[in-house]
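Enquirer: This is the content of input29.cif (mmCIF, C-alpha atoms and all ligand atoms):
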```cif
data_run
#
loop_
_atom_site.group_PDB
_atom_site.id
_atom_site.type_symbol
_atom_site.label_atom_id
_atom_site.label_comp_id
_atom_site.auth_asym_id
_atom_site.auth_seq_id
_atom_site.Cartn_x
_atom_site.Cartn_y
_atom_site.Cartn_z
ATOM 1 C CA MET A 1 44.041 99.610 39.312
ATOM 2 C CA GLN A 2 41.633 97.354 37.539
ATOM 3 C CA ALA A 3 40.305 94.354 39.432
ATOM 4 C CA THR A 4 41.483 90.986 38.193
ATOM 5 C CA ILE A 5 38.810 88.714 36.776
ATOM 6 C CA ASN A 6 39.882 85.223 35.745
ATOM 7 C CA LYS A 7 37.772 83.406 33.191
ATOM 8 C CA GLY A 8 37.510 79.727 32.440
ATOM 9 C CA SER A 9 35.392 77.313 30.443
ATOM 10 C CA CYS A 10 34.904 73.637 29.694
ATOM 11 C CA LEU A 11 36.021 71.900 26.508
ATOM 12 C CA CYS A 12 32.715 72.417 24.660
ATOM 13 C CA GLY A 13 32.320 75.975 25.943
ATOM 14 C CA ARG A 14 28.824 75.583 27.398
ATOM 15 C CA VAL A 15 29.964 76.123 30.982
ATOM 16 C CA ARG A 16 31.804 79.367 31.631
ATOM 17 C CA TYR A 17 32.889 80.845 34.937
ATOM 18 C CA GLU A 18 34.639 83.839 36.433
ATOM 19 C CA VAL A 19 36.766 84.186 39.556
ATOM 20 C CA ASP A 20 37.594 87.544 41.118
ATOM 21 C CA GLY A 21 41.055 88.332 42.392
ATOM 22 C CA GLU A 22 44.550 87.061 41.777
ATOM 23 C CA LEU A 23 44.819 83.276 41.824
ATOM 24 C CA ALA A 24 47.320 81.489 44.051
ATOM 25 C CA ALA A 25 49.923 79.079 42.708
ATOM 26 C CA PRO A 26 48.566 75.593 42.090
ATOM 27 C CA HIS A 27 49.069 72.357 43.949
ATOM 28 C CA LEU A 28 49.123 69.077 42.086
ATOM 29 C CA CYS A 29 47.102 66.249 43.590
ATOM 30 C CA HIS A 30 48.305 62.733 42.804
ATOM 31 C CA CYS A 31 45.606 60.837 44.744
ATOM 32 C CA SER A 32 43.932 57.906 43.006
ATOM 33 C CA ARG A 33 40.542 59.656 42.979
ATOM 34 C CA CYS A 34 41.913 62.711 41.169
ATOM 35 C CA ARG A 35 43.843 60.534 38.753
ATOM 36 C CA LYS A 36 40.665 58.688 37.779
ATOM 37 C CA ALA A 37 38.459 61.789 37.726
ATOM 38 C CA HIS A 38 40.843 63.631 35.433
ATOM 39 C CA GLY A 39 42.184 60.732 33.382
ATOM 40 C CA SER A 40 45.669 61.999 34.098
ATOM 41 C CA ALA A 41 48.679 61.645 36.383
ATOM 42 C CA PHE A 42 47.398 64.416 38.656
ATOM 43 C CA THR A 43 45.037 67.351 38.859
ATOM 44 C CA ALA A 44 46.206 70.945 39.198
ATOM 45 C CA ALA A 45 44.063 73.081 41.482
ATOM 46 C CA VAL A 46 43.958 76.285 43.474
ATOM 47 C CA ALA A 47 41.754 77.094 46.434
ATOM 48 C CA VAL A 48 39.441 80.050 45.852
ATOM 49 C CA LYS A 49 36.759 81.650 47.995
ATOM 50 C CA THR A 50 33.293 80.541 46.941
ATOM 51 C CA LYS A 51 32.088 84.140 47.117
ATOM 52 C CA ASP A 52 34.660 85.128 44.462
ATOM 53 C CA PHE A 53 33.426 82.473 42.013
ATOM 54 C CA ARG A 54 30.411 82.543 39.711
ATOM 55 C CA ILE A 55 29.067 80.507 36.830
ATOM 56 C CA VAL A 56 28.264 82.869 33.956
ATOM 57 C CA ALA A 57 26.954 80.313 31.443
ATOM 58 C CA GLY A 58 25.784 76.717 31.362
ATOM 59 C CA GLU A 59 24.810 76.237 34.997
ATOM 60 C CA ASP A 60 22.145 73.727 33.875
ATOM 61 C CA THR A 61 24.869 71.676 32.158
ATOM 62 C CA LEU A 62 26.933 71.266 35.341
ATOM 63 C CA GLY A 63 27.094 67.790 36.781
ATOM 64 C CA ASP A 64 28.027 66.957 40.362
ATOM 65 C CA TYR A 65 29.663 63.682 41.281
ATOM 66 C CA ALA A 66 29.343 63.562 45.064
ATOM 67 C CA HIS A 67 31.257 61.071 47.160
ATOM 68 C CA GLU A 68 32.024 61.214 50.900
ATOM 69 C CA GLY A 69 31.155 64.897 51.144
ATOM 70 C CA VAL A 70 33.293 65.950 48.197
ATOM 71 C CA HIS A 71 31.571 67.233 45.072
ATOM 72 C CA ARG A 72 33.403 67.076 41.767
ATOM 73 C CA TRP A 73 31.700 69.415 39.341
ATOM 74 C CA PHE A 74 32.014 68.837 35.606
ATOM 75 C CA CYS A 75 30.352 69.669 32.298
ATOM 76 C CA ARG A 76 27.743 67.004 31.521
ATOM 77 C CA ASN A 77 28.113 67.671 27.798
ATOM 78 C CA CYS A 78 31.881 67.324 27.332
ATOM 79 C CA GLY A 79 33.029 65.860 30.654
ATOM 80 C CA SER A 80 35.552 68.563 31.598
ATOM 81 C CA PRO A 81 36.299 68.630 35.346
ATOM 82 C CA LEU A 82 35.899 72.222 36.500
ATOM 83 C CA PHE A 83 35.972 72.549 40.279
ATOM 84 C CA ALA A 84 35.363 70.749 43.540
ATOM 85 C CA THR A 85 33.493 71.690 46.699
ATOM 86 C CA ARG A 86 33.218 70.097 50.130
ATOM 87 C CA ASP A 87 30.176 69.902 52.389
ATOM 88 C CA ALA A 88 32.477 70.532 55.354
ATOM 89 C CA MET A 89 33.924 73.763 53.938
ATOM 90 C CA LEU A 90 31.364 75.610 51.862
ATOM 91 C CA ASN A 91 33.198 78.957 51.859
ATOM 92 C CA MET A 92 36.091 77.553 49.802
ATOM 93 C CA MET A 93 36.364 75.576 46.601
ATOM 94 C CA ARG A 94 39.097 74.098 44.480
ATOM 95 C CA LEU A 95 39.373 75.323 40.946
ATOM 96 C CA ARG A 96 40.803 73.001 38.279
ATOM 97 C CA ILE A 97 43.174 75.415 36.623
ATOM 98 C CA ALA A 98 43.485 73.435 33.385
ATOM 99 C CA ALA A 99 40.149 74.936 32.322
ATOM 100 C CA LEU A 100 41.297 78.546 32.728
ATOM 101 C CA ASP A 101 41.173 80.720 29.621
ATOM 102 C CA THR A 102 42.829 83.721 31.257
ATOM 103 C CA PRO A 103 46.636 83.524 30.995
ATOM 104 C CA TYR A 104 48.067 81.992 34.153
ATOM 105 C CA ASP A 105 51.707 81.027 34.584
ATOM 106 C CA LYS A 106 52.220 80.271 38.265
ATOM 107 C CA LYS A 107 54.285 77.166 38.871
ATOM 108 C CA PRO A 108 53.168 74.370 41.224
ATOM 109 C CA VAL A 109 54.016 74.947 44.896
ATOM 110 C CA ALA A 110 53.248 71.471 46.193
ATOM 111 C CA HIS A 111 52.590 67.871 45.261
ATOM 112 C CA ILE A 112 49.955 66.385 47.535
ATOM 113 C CA TYR A 113 49.194 62.688 48.045
ATOM 114 C CA ALA A 114 52.573 62.203 46.384
ATOM 115 C CA THR A 115 52.889 58.682 47.769
ATOM 116 C CA SER A 116 49.755 57.710 45.771
ATOM 117 C CA LYS A 117 51.199 58.917 42.489
ATOM 118 C CA ALA A 118 51.003 56.908 39.285
ATOM 119 C CA HIS A 119 53.949 54.549 38.952
ATOM 120 C CA TRP A 120 54.358 55.565 35.317
ATOM 121 C CA TYR A 121 54.911 59.215 36.262
ATOM 122 C CA ASP A 122 58.010 60.672 37.966
ATOM 123 C CA ILE A 123 57.836 64.003 39.784
ATOM 124 C CA LEU A 124 60.761 65.920 38.340
ATOM 125 C CA ASP A 125 60.349 69.442 39.691
ATOM 126 C CA GLY A 126 61.617 70.641 43.056
ATOM 127 C CA ALA A 127 58.254 71.510 44.616
ATOM 128 C CA PRO A 128 57.741 69.911 48.041
ATOM 129 C CA GLN A 129 55.965 66.580 48.166
ATOM 130 C CA TYR A 130 53.422 65.756 50.865
ATOM 131 C CA GLU A 131 51.966 62.421 51.858
ATOM 132 C CA GLN A 132 48.528 63.984 52.243
ATOM 133 C CA ARG A 133 47.013 67.445 52.067
ATOM 134 C CA PRO A 134 48.821 69.869 54.376
ATOM 135 C CA LEU A 135 46.351 72.681 53.730
ATOM 136 C CA TYR A 136 43.075 73.197 51.921
HETATM 137 ZN ZN ZN B 1 31.440 71.325 28.189
HETATM 138 ZN ZN ZN B 2 43.252 64.310 44.782
#
```
Transcribe the structure of this file into structure tokens.
Ligand SMILES: [Zn+2]
Ligand SMILES: [Zn+2]
Expert:
Amino acid sequence: MQATINKGSCLCGRVRYEVDGELAAPHLCHCSRCRKAHGSAFTAAVAVKTKDFRIVAGEDTLGDYAHEGVHRWFCRNCGSPLFATRDAMLNMMRLRIAALDTPYDKKPVAHIYATSKAHWYDILDGAPQYEQRPLY
């Protein structure tokens, strides 16, 4: 069996990454910080092990917006949000799955910070909704 390698890139294509292994199903975060950072109703992310992730192009173009121990990494050329890391948990990271290029069709398993959601957006699927983050 061939090992799974997932590939992703930013909008302009300067930053490219790879993640080894099968990706989990995403959670959607409705917190106000994610909504602002992504310019959207929510962000879709999966937790991956840092050791399974590597930048393969454009590392010098990565920007890091750090706030309260959370680092939101993005492409400084086109602004695409790509992943987030936490000072308190360096072995894991959260991948923003919207930037994946590899086909990925897993459906969301959870809505987190659902009580902070945008008033203009209604959650219409049946995935469980959590007030905060029940897991990483
Ligand atoms: Zn870019
Ligand atoms: Zn969030």
Enquirer: May I ask you to write as a ChimeraX atom specification all residues lying at most 9 Å from ligand ZN 2 (chain B), with all atoms listed in the file counted?
Expert: /A:28-35,37,42-43,112-113,133
Enquirer: Hey, can you check how far atom CA of Asp105 of chain A sits from atom CA of Ala84 of chain A?
Expert: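 If I compute the distance from atom CA of Asp105 of chain A to atom CA of Ala84 of chain A, I get 21.3 Å.
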Enquirer: Just checking: using only C-alpha atoms, which residue out of A:Gly126, A:Gly13, A:Pro108, A:Pro81 ends up closest to Lys36 of chain A?
Expert: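 Nearest to Lys36 of chain A: A:Pro81.
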Enquirer: Name the residues in contact with His71 of chain A at a cut-off of 6 Å, using all atoms listed in the file, excluding same-chain residues fewer than 5 positions from it; report them as a list in words.
Expert: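 Result of the neighbour search: Asp64, Tyr65, Ala66, Ala84 and Thr85 of chain A.
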Enquirer: Separation of atom CA of Leu62 of chain A and atom ZN of ligand ZN 1 (chain B), in Å?
Expert: 8.5 Å
Enquirer: Using only C-alpha atoms and all ligand atoms, which of A:Gly79, A:Gly8, A:Gly21, A:Pro26 sits nearest ligand ZN 1 (chain B)?
Expert: A:Gly79
Enquirer: Residues up to 10 Å from ligand ZN 1 (chain B), counting all atoms listed in the file: could you list those as a list in words?
Expert: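 Here is the list of contacting residues: Ser9, Cys10, Leu11, Cys12, Gly13, Arg14, Val15, Arg16, Gly58, Thr61, Leu62, Phe74, Cys75, Arg76, Asn77, Cys78, Gly79, Ser80, Pro81 and Leu82 of chain A.
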Enquirer: For the point (53.8, 67.2, 48.4) in the file's frame, write as a ChimeraX atom specification all residues with an atom no more than 6 Å away, counting only C-alpha atoms.
Expert: /A:110-112,114,128-130
Enquirer: Could you tell me how far atom CA of Ile5 of chain A sits from atom CA of Pro103 of chain A, in Å to one decimal place?
Expert: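 About the pair atom CA of Pro103 of chain A and atom CA of Ile5 of chain A: they are 11.0 Å apart.
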Enquirer: Please determine, counting all atoms listed in the file, which residue among A:Val19, A:Ala57, A:Ala24, A:Ala118 has the shortest atom-to-atom distance to Phe83 of chain A.
Expert: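 When distances to Phe83 of chain A are compared using all atoms listed in the file, the smallest one comes from A:Val19.
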Enquirer: When the PyMOL selection byres (((chain A and resi 49) around 12) and not hetatm) is applied to the file above, which residues end up in the set, as JSON, numbers by chain?
Expert: {"A": [18, 19, 20, 21, 22, 23, 24, 46, 47, 48, 50, 51, 52, 53, 54, 83, 84, 85, 89, 90, 91, 92, 93, 94, 95, 136]}
Enquirer: Give the padded box for segment 65-75 of chain A as JSON: axis-aligned, covering all atoms listed in the file, 5 Å on each side, centre and edge lengths in Å to one decimal.
Expert:
```
{"center_x": 31.4, "center_y": 65.4, "center_z": 41.7, "size_x": 14.1, "size_y": 18.6, "size_z": 28.8}
```
